[in-house]
file structure-v5.txt (compact mmCIF, C-alpha atoms)
# COMPACT_ATOMS: atom_id res chain seq x y z
CA MET A 5 219.28 112.64 106.94
CA ARG A 6 220.88 116.02 106.23
CA GLU A 7 224.23 114.73 107.46
CA GLU A 8 223.89 111.45 105.57
CA TYR A 9 223.37 113.29 102.29
CA GLY A 10 226.03 115.93 102.83
CA SER A 11 228.28 116.59 99.83
CA ALA A 12 231.28 114.85 101.42
CA ALA A 13 229.27 111.70 102.18
CA LEU A 14 227.84 111.56 98.67
CA LYS A 15 231.23 111.80 97.00
CA ASP A 16 232.29 108.57 98.70
CA LYS A 17 229.38 106.62 97.20
CA SER A 18 229.39 104.97 93.79
CA THR A 19 226.80 106.01 91.23
CA GLU A 20 225.14 102.60 91.58
CA GLU A 21 224.81 103.16 95.34
CA LEU A 22 223.36 106.62 94.73
CA PHE A 23 220.73 105.19 92.37
CA GLU A 24 219.81 102.49 94.85
CA GLU A 25 219.29 105.06 97.62
CA TYR A 26 217.51 107.47 95.29
CA ARG A 27 214.96 104.84 94.34
CA ARG A 28 214.16 104.42 98.03
CA THR A 29 214.24 108.05 99.18
CA ARG A 30 213.76 110.24 96.07
CA SER A 31 216.14 112.67 97.73
CA LYS A 32 216.89 115.77 95.65
CA ALA A 33 220.43 115.79 96.99
CA LEU A 34 221.00 112.31 95.61
CA ARG A 35 219.44 113.17 92.27
CA ASN A 36 221.52 116.32 91.96
CA GLU A 37 224.71 114.39 92.69
CA ILE A 38 223.87 111.84 89.97
CA VAL A 39 223.12 114.67 87.52
CA LEU A 40 226.42 116.38 88.32
CA ARG A 41 228.32 113.16 87.75
CA SER A 42 226.54 112.65 84.44
CA MET A 43 226.96 116.13 82.93
CA GLY A 44 229.46 114.70 80.46
CA ILE A 45 226.45 113.22 78.65
CA VAL A 46 224.99 116.71 78.27
CA ARG A 47 228.26 118.23 77.08
CA TYR A 48 228.79 115.42 74.56
CA ALA A 49 225.25 115.74 73.17
CA ALA A 50 225.51 119.54 72.90
CA LEU A 51 228.87 119.25 71.16
CA SER A 52 227.79 116.55 68.71
CA THR A 53 224.72 118.55 67.59
CA ARG A 54 226.43 121.95 67.50
CA LYS A 55 226.29 122.27 63.71
CA MET A 56 222.50 122.03 63.80
CA TYR A 57 221.92 124.96 66.10
CA ARG A 58 225.01 127.10 66.57
CA LYS A 59 223.96 129.83 64.09
CA TYR A 60 220.39 129.99 65.38
CA SER A 61 220.41 129.17 69.09
CA GLU A 62 222.65 129.69 72.11
CA THR A 63 224.58 126.72 73.41
CA GLU A 64 223.40 127.65 76.91
CA ASP A 65 219.77 127.06 75.85
CA ILE A 66 220.66 123.66 74.40
CA VAL A 67 222.55 122.71 77.57
CA ASN A 68 219.59 123.78 79.74
CA GLU A 69 217.17 121.60 77.75
CA ALA A 70 219.60 118.69 77.83
CA THR A 71 220.13 119.04 81.59
CA ILE A 72 216.38 118.96 82.24
CA ALA A 73 216.18 115.81 80.11
CA LEU A 74 219.03 114.32 82.13
CA MET A 75 217.09 114.97 85.37
CA TYR A 76 214.04 113.23 83.92
CA ALA A 77 216.27 110.35 82.86
CA VAL A 78 217.49 109.95 86.45
CA ASP A 79 213.87 109.87 87.65
CA SER A 80 212.70 107.31 85.09
CA PHE A 81 215.78 105.08 84.83
CA ASP A 82 215.09 101.44 85.68
CA PRO A 83 218.28 99.44 86.33
CA SER A 84 216.30 96.19 86.21
CA LYS A 85 216.19 96.59 82.42
CA ASN A 86 219.87 95.70 82.50
CA THR A 87 220.83 98.73 80.41
CA LYS A 88 223.55 101.21 81.36
CA PHE A 89 222.33 104.58 82.61
CA GLU A 90 224.76 106.34 80.25
CA THR A 91 223.11 104.63 77.26
CA TYR A 92 219.57 105.38 78.43
CA ALA A 93 220.34 108.99 79.38
CA SER A 94 222.18 109.67 76.12
CA ILE A 95 219.08 108.66 74.16
CA ARG A 96 216.79 110.84 76.30
CA VAL A 97 219.14 113.85 76.18
CA ARG A 98 219.72 113.69 72.45
CA GLY A 99 215.99 113.30 71.85
CA ALA A 100 215.32 116.39 73.97
CA ILE A 101 217.80 118.43 71.94
CA ILE A 102 216.18 117.33 68.68
CA ASP A 103 212.73 118.21 70.04
CA TYR A 104 214.01 121.64 71.15
CA ILE A 105 215.47 122.33 67.71
CA ARG A 106 212.15 121.35 66.14
CA ARG A 107 210.19 123.67 68.44
CA GLN A 108 212.47 126.59 67.69
CA ASP A 109 212.39 125.84 63.96
CA ILE A 110 215.94 127.15 63.86
CA ILE A 111 216.53 125.90 60.32
CA PRO A 112 214.90 128.56 58.09
CA ARG A 113 212.32 127.34 55.60
CA THR A 114 214.44 128.60 52.72
CA VAL A 115 217.32 126.42 53.91
CA ARG A 116 215.07 123.39 54.40
CA LYS A 117 213.66 123.95 50.90
CA PHE A 118 217.13 124.27 49.41
CA ALA A 119 218.31 121.16 51.31
CA LYS A 120 215.40 119.16 49.86
CA GLU A 121 216.12 120.46 46.36
CA TYR A 122 219.80 119.65 46.87
CA ASP A 123 218.92 116.09 47.92
CA THR A 124 216.71 115.60 44.86
CA ALA A 125 219.23 117.09 42.46
CA TYR A 126 222.10 115.08 43.92
CA THR A 127 220.15 111.81 43.69
CA ARG A 128 219.01 112.55 40.13
CA LEU A 129 222.55 113.36 38.94
CA TYR A 130 224.07 110.41 40.81
CA GLU A 131 221.72 108.02 39.05
CA LYS A 132 222.25 109.71 35.69
CA LEU A 133 226.04 109.97 35.85
CA ASP A 134 226.67 106.84 37.92
CA ARG A 135 229.14 108.81 40.01
CA GLU A 136 229.28 111.65 42.53
CA PRO A 137 228.22 114.88 40.79
CA LEU A 138 230.72 117.74 40.76
CA PRO A 139 229.85 121.09 42.42
CA GLY A 140 229.51 122.75 38.99
CA GLU A 141 227.14 120.04 37.80
CA LEU A 142 225.04 120.37 40.95
CA ALA A 143 224.92 124.15 40.57
CA ALA A 144 223.77 123.81 36.96
CA GLU A 145 221.11 121.25 37.94
CA LEU A 146 219.84 123.59 40.64
CA ASN A 147 220.15 126.60 38.33
CA VAL A 148 222.20 128.57 40.86
CA PRO A 149 225.72 130.04 40.71
CA VAL A 150 228.49 127.87 42.18
CA SER A 151 229.15 130.70 44.65
CA LYS A 152 225.60 130.35 46.02
CA LEU A 153 226.00 126.60 46.24
CA ASP A 154 229.12 127.17 48.36
CA SER A 155 227.46 129.76 50.60
CA MET A 156 224.47 127.49 51.28
CA ALA A 157 226.59 124.37 51.84
CA ALA A 158 227.06 124.73 55.61
CA GLN A 159 223.41 125.48 56.34
CA THR A 160 222.30 122.67 54.03
CA ALA A 161 224.63 120.30 55.89
CA ALA A 162 223.02 121.33 59.18
CA ALA A 163 219.52 120.76 57.79
CA ASN A 164 220.52 117.36 56.41
CA ALA A 165 222.15 116.37 59.70
CA LEU A 166 219.01 117.30 61.64
CA SER A 167 216.85 115.41 59.13
CA PHE A 168 219.04 112.34 59.58
CA GLU A 169 218.80 112.61 63.39
CA GLU A 170 215.01 112.94 63.13
CA ILE A 171 214.70 109.80 61.00
CA VAL A 172 216.65 107.75 63.55
CA PHE A 173 214.85 109.25 66.55
CA ASP A 174 211.35 109.09 65.04
CA SER A 175 211.86 105.43 64.13
CA GLY A 176 211.26 104.61 67.79
CA VAL A 177 214.37 102.45 67.83
CA ASP A 178 216.89 103.23 70.55
CA ILE A 179 220.39 102.62 69.26
CA PRO A 180 222.74 101.80 72.16
CA ASP A 181 226.12 103.48 72.23
CA THR A 182 229.29 101.70 71.21
CA ASN A 183 230.93 102.02 74.62
CA GLY A 184 229.59 98.91 76.28
CA GLY A 185 225.87 99.70 76.37
CA SER A 186 224.06 96.39 76.78
CA MET A 187 220.75 95.30 75.23
CA ALA A 188 220.44 92.35 77.59
CA GLY A 189 217.03 92.25 79.23
CA TRP A 190 215.34 94.25 76.48
CA GLU A 191 212.22 92.91 74.78
CA PRO A 192 213.25 90.44 72.01
CA GLU A 193 211.58 92.59 69.31
CA LYS A 194 213.37 95.78 70.39
CA ARG A 195 216.68 93.94 70.71
CA LEU A 196 216.24 92.59 67.18
CA LEU A 197 215.31 96.00 65.75
CA ASN A 198 218.26 97.69 67.44
CA GLY A 199 220.64 95.07 66.11
CA GLU A 200 219.20 95.43 62.62
CA MET A 201 219.35 99.23 62.73
CA ARG A 202 222.99 99.21 63.78
CA ASP A 203 223.79 96.70 61.03
CA ILE A 204 222.02 98.83 58.42
CA LEU A 205 223.93 101.94 59.54
CA ALA A 206 227.26 100.12 59.59
CA SER A 207 226.61 98.69 56.13
CA ALA A 208 225.54 102.07 54.77
CA ILE A 209 228.67 103.75 56.17
CA ASP A 210 230.87 101.01 54.66
CA LYS A 211 229.32 101.68 51.24
CA LEU A 212 230.09 105.41 51.32
CA LYS A 213 232.86 106.76 49.14
CA GLU A 214 236.22 107.08 50.89
CA LYS A 215 235.98 110.83 51.53
CA GLU A 216 232.34 110.58 52.62
CA ARG A 217 233.21 107.84 55.08
CA LEU A 218 236.16 109.87 56.36
CA VAL A 219 234.05 113.01 56.85
CA VAL A 220 231.36 111.02 58.69
CA THR A 221 233.99 109.46 60.94
CA LEU A 222 235.76 112.73 61.72
CA TYR A 223 232.52 114.68 62.23
CA TYR A 224 230.35 112.25 64.19
CA TYR A 225 232.96 110.18 66.01
CA GLU A 226 236.00 112.46 66.34
CA LYS A 227 233.82 115.59 66.77
CA LEU A 228 236.00 117.71 64.50
CA LYS A 229 234.77 121.00 63.03
CA TYR A 230 234.32 121.35 59.29
CA SER A 231 237.34 123.68 59.16
CA ASP A 232 239.48 121.04 60.92
CA ILE A 233 238.23 118.29 58.60
CA ALA A 234 239.07 120.49 55.61
CA GLY A 235 242.67 120.65 56.82
CA VAL A 236 242.82 116.89 57.32
CA ILE A 237 241.58 115.88 53.87
CA GLY A 238 242.96 118.88 51.96
CA VAL A 239 239.81 120.51 50.57
CA SER A 240 237.87 123.71 51.27
CA GLU A 241 235.42 123.95 54.17
CA SER A 242 232.49 124.38 51.77
CA ARG A 243 233.59 121.20 50.01
CA VAL A 244 233.56 119.35 53.33
CA CYS A 245 229.97 120.56 53.85
CA GLN A 246 229.03 119.22 50.41
CA ILE A 247 230.70 115.87 51.08
CA HIS A 248 228.89 115.67 54.45
CA SER A 249 225.54 116.42 52.80
CA ALA A 250 226.16 113.74 50.16
CA ALA A 251 227.07 111.19 52.84
CA VAL A 252 223.95 112.00 54.87
CA ILE A 253 221.78 111.64 51.75
CA HIS A 254 223.11 108.10 51.26
CA LEU A 255 222.63 107.21 54.94
CA LYS A 256 219.10 108.65 54.98
CA ASP A 257 218.19 106.65 51.87
CA ALA A 258 219.49 103.45 53.47
CA LEU A 259 217.50 104.03 56.67
CA LYS A 260 214.34 105.16 54.89
CA GLU A 261 214.31 102.01 52.80
CA TYR A 262 214.73 99.88 55.92
CA LEU A 263 212.17 101.75 58.05
call {"tool": "encode", "arguments": {"input": "structure-v5.txt", "output": "structure tokens"}}
result
Amino acid sequence: MREEYGSAALKDKSTEELFEEYRRTRSKALRNEIVLRSMGIVRYAALSTRKMYRKYSETEDIVNEATIALMYAVDSFDPSKNTKFETYASIRVRGAIIDYIRRQDIIPRTVRKFAKEYDTAYTRLYEKLDREPLPGELAAELNVPVSKLDSMAAQTAAANALSFEEIVFDSGVDIPDTNGGSMAGWEPEKRLLNGEMRDILASAIDKLKEKERLVVTLYYYEKLKYSDIAGVIGVSESRVCQIHSAAVIHLKDALKEYL
């Protein structure tokens, strides 16, 4: 057995073969090999949520939580559901990161409070003006200097991003990835809900203003930093944070109405 599961022998096996043997033997060597091959899922999840935690928590802690979740995903994965492991594990890992951020309460209450006030003020002005409110108008509505609005923009964006992630995750609907994850074999109700959720998100993104849609694309899909996005669209980094917050407000509203 020790020779069969030596590192050289394992490297010659496909991941599907490793899963098949792991289900029979529950060998730690097999599980560890699957985890090592799947660490890209952990790195991707840690990178895509970096804005939520980077000022309040170490990346190493996030990676540790995500890796533990990946190990649990290997243990609980059921190939008979006809879903890719990468899709299933990504959902479990991202959920674990969100839960960890919640437990640490890394977004200060003052920031959460300001983010909520920002959301309310933005929505009120948008309805009143029938257009995107300018930074000066938002600052006046919130009764704060424009300089404070700028300084709070990045942290507010992080709080809004986490809130958006929580809405999706707490909905109980698992949204498959866009890289070939299949819903075949899922319960009809869950398959329908997932399809509807993806349609709602796609529609909401399509309805965003051009710069909001561009920021969402560059941030969530291209994984660019705010500073890099600022260079791409030719505005300040604080302005990118404000555009991101506005986009997330619209997406949250679309999902809340649906859910």
call {"tool": "closest_residue", "arguments": {"input": "structure-v5.txt", "among": "A:Tyr57, A:Lys132, A:Val46, A:Ala143", "to": "A:Arg96", "atoms": "all atoms listed in the file"}}
result
A:Val46
call {"tool": "closest_residue", "arguments": {"input": "structure-v5.txt", "among": "A:Ala250, A:Leu138, A:Val39, A:Ala50", "to": "A:Val78", "atoms": "all atoms listed in the file"}}
result
A:Val39
call {"tool": "atom_distance", "arguments": {"input": "structure-v5.txt", "atom1": "atom CA of A:Tyr92", "atom2": "atom CA of A:Leu14"}}
result
22.7 Å
call {"tool": "closest_residue", "arguments": {"input": "structure-v5.txt", "among": "A:Val115, A:Val219, A:Ile95, A:Ala125", "to": "A:Pro139", "atoms": "only C-alpha atoms"}}
result
A:Ala125
call {"tool": "residues_around", "arguments": {"input": "structure-v5.txt", "residues": "stretch 228-236 of chain A", "least_positions_apart": "2", "cutoff": "12 Å", "atoms": "all atoms listed in the file", "output": "ChimeraX atom specification"}}
result
/A:51-55,157-158,161-162,215-216,218-226,238-249
call {"tool": "write_last_selection", "arguments": {"input": "structure-v5.txt", "atoms": "C-alpha atoms", "output": "CSV table (one decimal), in the frame of the given file"}}
result
chain,number,residue,atom,x,y,z
A,51,LEU,CA,228.9,119.2,71.2
A,52,SER,CA,227.8,116.6,68.7
A,53,THR,CA,224.7,118.6,67.6
A,54,ARG,CA,226.4,122.0,67.5
A,55,LYS,CA,226.3,122.3,63.7
A,157,ALA,CA,226.6,124.4,51.8
A,158,ALA,CA,227.1,124.7,55.6
A,161,ALA,CA,224.6,120.3,55.9
A,162,ALA,CA,223.0,121.3,59.2
A,215,LYS,CA,236.0,110.8,51.5
A,216,GLU,CA,232.3,110.6,52.6
A,218,LEU,CA,236.2,109.9,56.4
A,219,VAL,CA,234.0,113.0,56.8
A,220,VAL,CA,231.4,111.0,58.7
A,221,THR,CA,234.0,109.5,60.9
A,222,LEU,CA,235.8,112.7,61.7
A,223,TYR,CA,232.5,114.7,62.2
A,224,TYR,CA,230.4,112.2,64.2
A,225,TYR,CA,233.0,110.2,66.0
A,226,GLU,CA,236.0,112.5,66.3
A,238,GLY,CA,243.0,118.9,52.0
A,239,VAL,CA,239.8,120.5,50.6
A,240,SER,CA,237.9,123.7,51.3
A,241,GLU,CA,235.4,124.0,54.2
A,242,SER,CA,232.5,124.4,51.8
A,243,ARG,CA,233.6,121.2,50.0
A,244,VAL,CA,233.6,119.4,53.3
A,245,CYS,CA,230.0,120.6,53.8
A,246,GLN,CA,229.0,119.2,50.4
A,247,ILE,CA,230.7,115.9,51.1
A,248,HIS,CA,228.9,115.7,54.4
A,249,SER,CA,225.5,116.4,52.8
call {"tool": "atom_distance", "arguments": {"input": "structure-v5.txt", "atom1": "atom CA of A:Met43", "atom2": "atom CA of A:Asp82"}}
result
19.1 Å
call {"tool": "closest_residue", "arguments": {"input": "structure-v5.txt", "among": "A:Lys15, A:Lys152, A:Lys85, A:Arg135", "to": "A:Glu37", "atoms": "only C-alpha atoms"}}
result
A:Lys15
call {"tool": "atom_distance", "arguments": {"input": "structure-v5.txt", "atom1": "atom CA of A:Gly44", "atom2": "atom CA of A:Asn164"}}
result
25.8 Å
call {"tool": "residues_around", "arguments": {"input": "structure-v5.txt", "residues": "stretch 18-30 of chain A", "least_positions_apart": "5", "cutoff": "12 Å", "atoms": "all atoms listed in the file", "output": "PyMOL selection string"}}
result
chain A and resi 5+8-9+13+35-42+77-84+88-90
call {"tool": "closest_residue", "arguments": {"input": "structure-v5.txt", "among": "A:Thr160, A:Thr71, A:Ser155, A:Asn86", "to": "A:Ala100", "atoms": "only C-alpha atoms"}}
result
A:Thr71
call {"tool": "residues_around", "arguments": {"input": "structure-v5.txt", "residues": "A:Glu136", "least_positions_apart": "6", "cutoff": "9 Å", "atoms": "all atoms listed in the file", "output": "VMD selection string"}}
result
chain A and resid 126 129 to 130 213 250
call {"tool": "closest_residue", "arguments": {"input": "structure-v5.txt", "among": "A:Leu146, A:Ala165, A:Leu205, A:Ala49", "to": "A:Gly99", "atoms": "all atoms listed in the file"}}
result
A:Ala49
call {"tool": "decode", "arguments": {"input": "structure-v5.txt", "residues": "stretch 24-140 of chain A", "atoms": "C-alpha atoms", "output": "short mmCIF file (atom, residue, chain, number, x, y, z; two decimals), in the first residue's frame"}}
result
data_model
loop_
_atom_site.label_atom_id
_atom_site.label_comp_id
_atom_site.auth_asym_id
_atom_site.auth_seq_id
_atom_site.Cartn_x
_atom_site.Cartn_y
_atom_site.Cartn_z
CA GLU A 24 -12.20 6.77 -7.40
CA GLU A 25 -9.48 5.20 -5.24
CA TYR A 26 -10.03 7.69 -2.43
CA ARG A 27 -13.69 6.78 -2.19
CA ARG A 28 -12.66 3.16 -1.69
CA THR A 29 -9.66 3.58 0.61
CA ARG A 30 -9.98 7.04 2.25
CA SER A 31 -6.21 7.20 2.05
CA LYS A 32 -4.73 10.45 3.37
CA ALA A 33 -2.03 10.28 0.73
CA LEU A 34 -4.65 10.28 -1.99
CA ARG A 35 -6.60 13.11 -0.38
CA ASN A 36 -3.45 15.20 0.03
CA GLU A 37 -2.54 14.70 -3.62
CA ILE A 38 -6.02 15.85 -4.72
CA VAL A 39 -5.75 18.89 -2.43
CA LEU A 40 -2.33 19.78 -3.83
CA ARG A 41 -3.64 19.55 -7.38
CA SER A 42 -6.60 21.76 -6.48
CA MET A 43 -4.77 24.56 -4.63
CA GLY A 44 -5.46 26.87 -7.56
CA ILE A 45 -9.05 27.04 -6.28
CA VAL A 46 -7.76 28.32 -2.93
CA ARG A 47 -5.44 30.87 -4.51
CA TYR A 48 -8.20 32.13 -6.82
CA ALA A 49 -10.70 32.49 -3.96
CA ALA A 50 -8.17 34.27 -1.74
CA LEU A 51 -7.26 36.63 -4.57
CA SER A 52 -10.84 37.43 -5.57
CA THR A 53 -11.83 38.33 -1.98
CA ARG A 54 -8.63 40.21 -1.11
CA LYS A 55 -10.32 43.62 -0.96
CA MET A 56 -12.62 42.39 1.80
CA TYR A 57 -9.92 41.35 4.21
CA ARG A 58 -6.50 42.65 3.24
CA LYS A 59 -6.49 45.59 5.68
CA TYR A 60 -7.82 43.53 8.58
CA SER A 61 -6.57 39.96 8.19
CA GLU A 62 -3.49 38.14 6.93
CA THR A 63 -3.72 36.38 3.59
CA GLU A 64 -2.10 33.34 5.24
CA ASP A 65 -5.10 33.03 7.60
CA ILE A 66 -7.52 33.22 4.68
CA VAL A 67 -5.54 30.59 2.75
CA ASN A 68 -5.50 28.29 5.79
CA GLU A 69 -9.29 28.50 6.17
CA ALA A 70 -9.77 27.97 2.45
CA THR A 71 -7.44 24.96 2.42
CA ILE A 72 -9.35 23.31 5.27
CA ALA A 73 -12.56 23.88 3.33
CA LEU A 74 -10.93 22.32 0.26
CA MET A 75 -10.07 19.20 2.30
CA TYR A 76 -13.68 18.94 3.47
CA ALA A 77 -14.80 19.36 -0.13
CA VAL A 78 -12.64 16.40 -1.18
CA ASP A 79 -14.20 14.30 1.60
CA SER A 80 -17.80 15.22 0.74
CA PHE A 81 -17.62 15.44 -3.05
CA ASP A 82 -20.02 13.07 -4.82
CA PRO A 83 -19.18 12.62 -8.53
CA SER A 84 -22.53 10.90 -9.08
CA LYS A 85 -24.15 14.34 -8.90
CA ASN A 86 -22.57 14.96 -12.29
CA THR A 87 -21.02 18.25 -11.17
CA LYS A 88 -17.36 19.15 -11.63
CA PHE A 89 -15.24 19.03 -8.48
CA GLU A 90 -13.80 22.46 -9.32
CA THR A 91 -17.32 23.95 -9.27
CA TYR A 92 -18.30 22.23 -6.03
CA ALA A 93 -15.02 23.02 -4.27
CA SER A 94 -15.07 26.67 -5.37
CA ILE A 95 -18.46 27.12 -3.72
CA ARG A 96 -17.31 25.45 -0.48
CA VAL A 97 -14.04 27.39 -0.36
CA ARG A 98 -15.59 30.76 -1.06
CA GLY A 99 -18.29 30.09 1.52
CA ALA A 100 -15.62 29.25 4.11
CA ILE A 101 -13.81 32.52 3.43
CA ILE A 102 -17.04 34.50 3.84
CA ASP A 103 -17.79 32.68 7.10
CA TYR A 104 -14.26 33.41 8.36
CA ILE A 105 -14.61 37.11 7.55
CA ARG A 106 -17.93 37.16 9.40
CA ARG A 107 -16.42 35.51 12.48
CA GLN A 108 -13.53 37.95 12.57
CA ASP A 109 -15.86 40.90 12.00
CA ILE A 110 -13.00 42.50 10.11
CA ILE A 111 -15.18 45.27 8.71
CA PRO A 112 -15.43 47.81 11.58
CA ARG A 113 -18.92 48.79 12.68
CA THR A 114 -18.25 52.41 11.74
CA VAL A 115 -17.45 51.32 8.19
CA ARG A 116 -20.52 49.07 7.99
CA LYS A 117 -22.64 51.96 9.29
CA PHE A 118 -21.14 54.37 6.77
CA ALA A 119 -21.60 51.82 3.95
CA LYS A 120 -25.30 51.49 4.84
CA GLU A 121 -25.71 55.27 4.99
CA TYR A 122 -23.87 55.54 1.66
CA ASP A 123 -26.23 52.98 0.10
CA THR A 124 -29.30 54.85 1.36
CA ALA A 125 -28.01 58.25 0.28
CA TYR A 126 -26.98 56.98 -3.15
CA THR A 127 -30.37 55.36 -3.76
CA ARG A 128 -32.25 58.45 -2.55
CA LEU A 129 -30.25 60.80 -4.80
CA TYR A 130 -30.42 58.44 -7.77
CA GLU A 131 -34.20 58.38 -7.57
CA LYS A 132 -34.39 62.13 -7.03
CA LEU A 133 -31.95 63.16 -9.77
CA ASP A 134 -32.67 60.30 -12.17
CA ARG A 135 -28.93 59.93 -12.72
CA GLU A 136 -25.77 58.87 -10.91
CA PRO A 137 -25.08 61.37 -8.09
CA LEU A 138 -21.77 63.21 -8.18
CA PRO A 139 -19.26 62.82 -5.31
CA GLY A 140 -20.00 66.38 -4.12
#
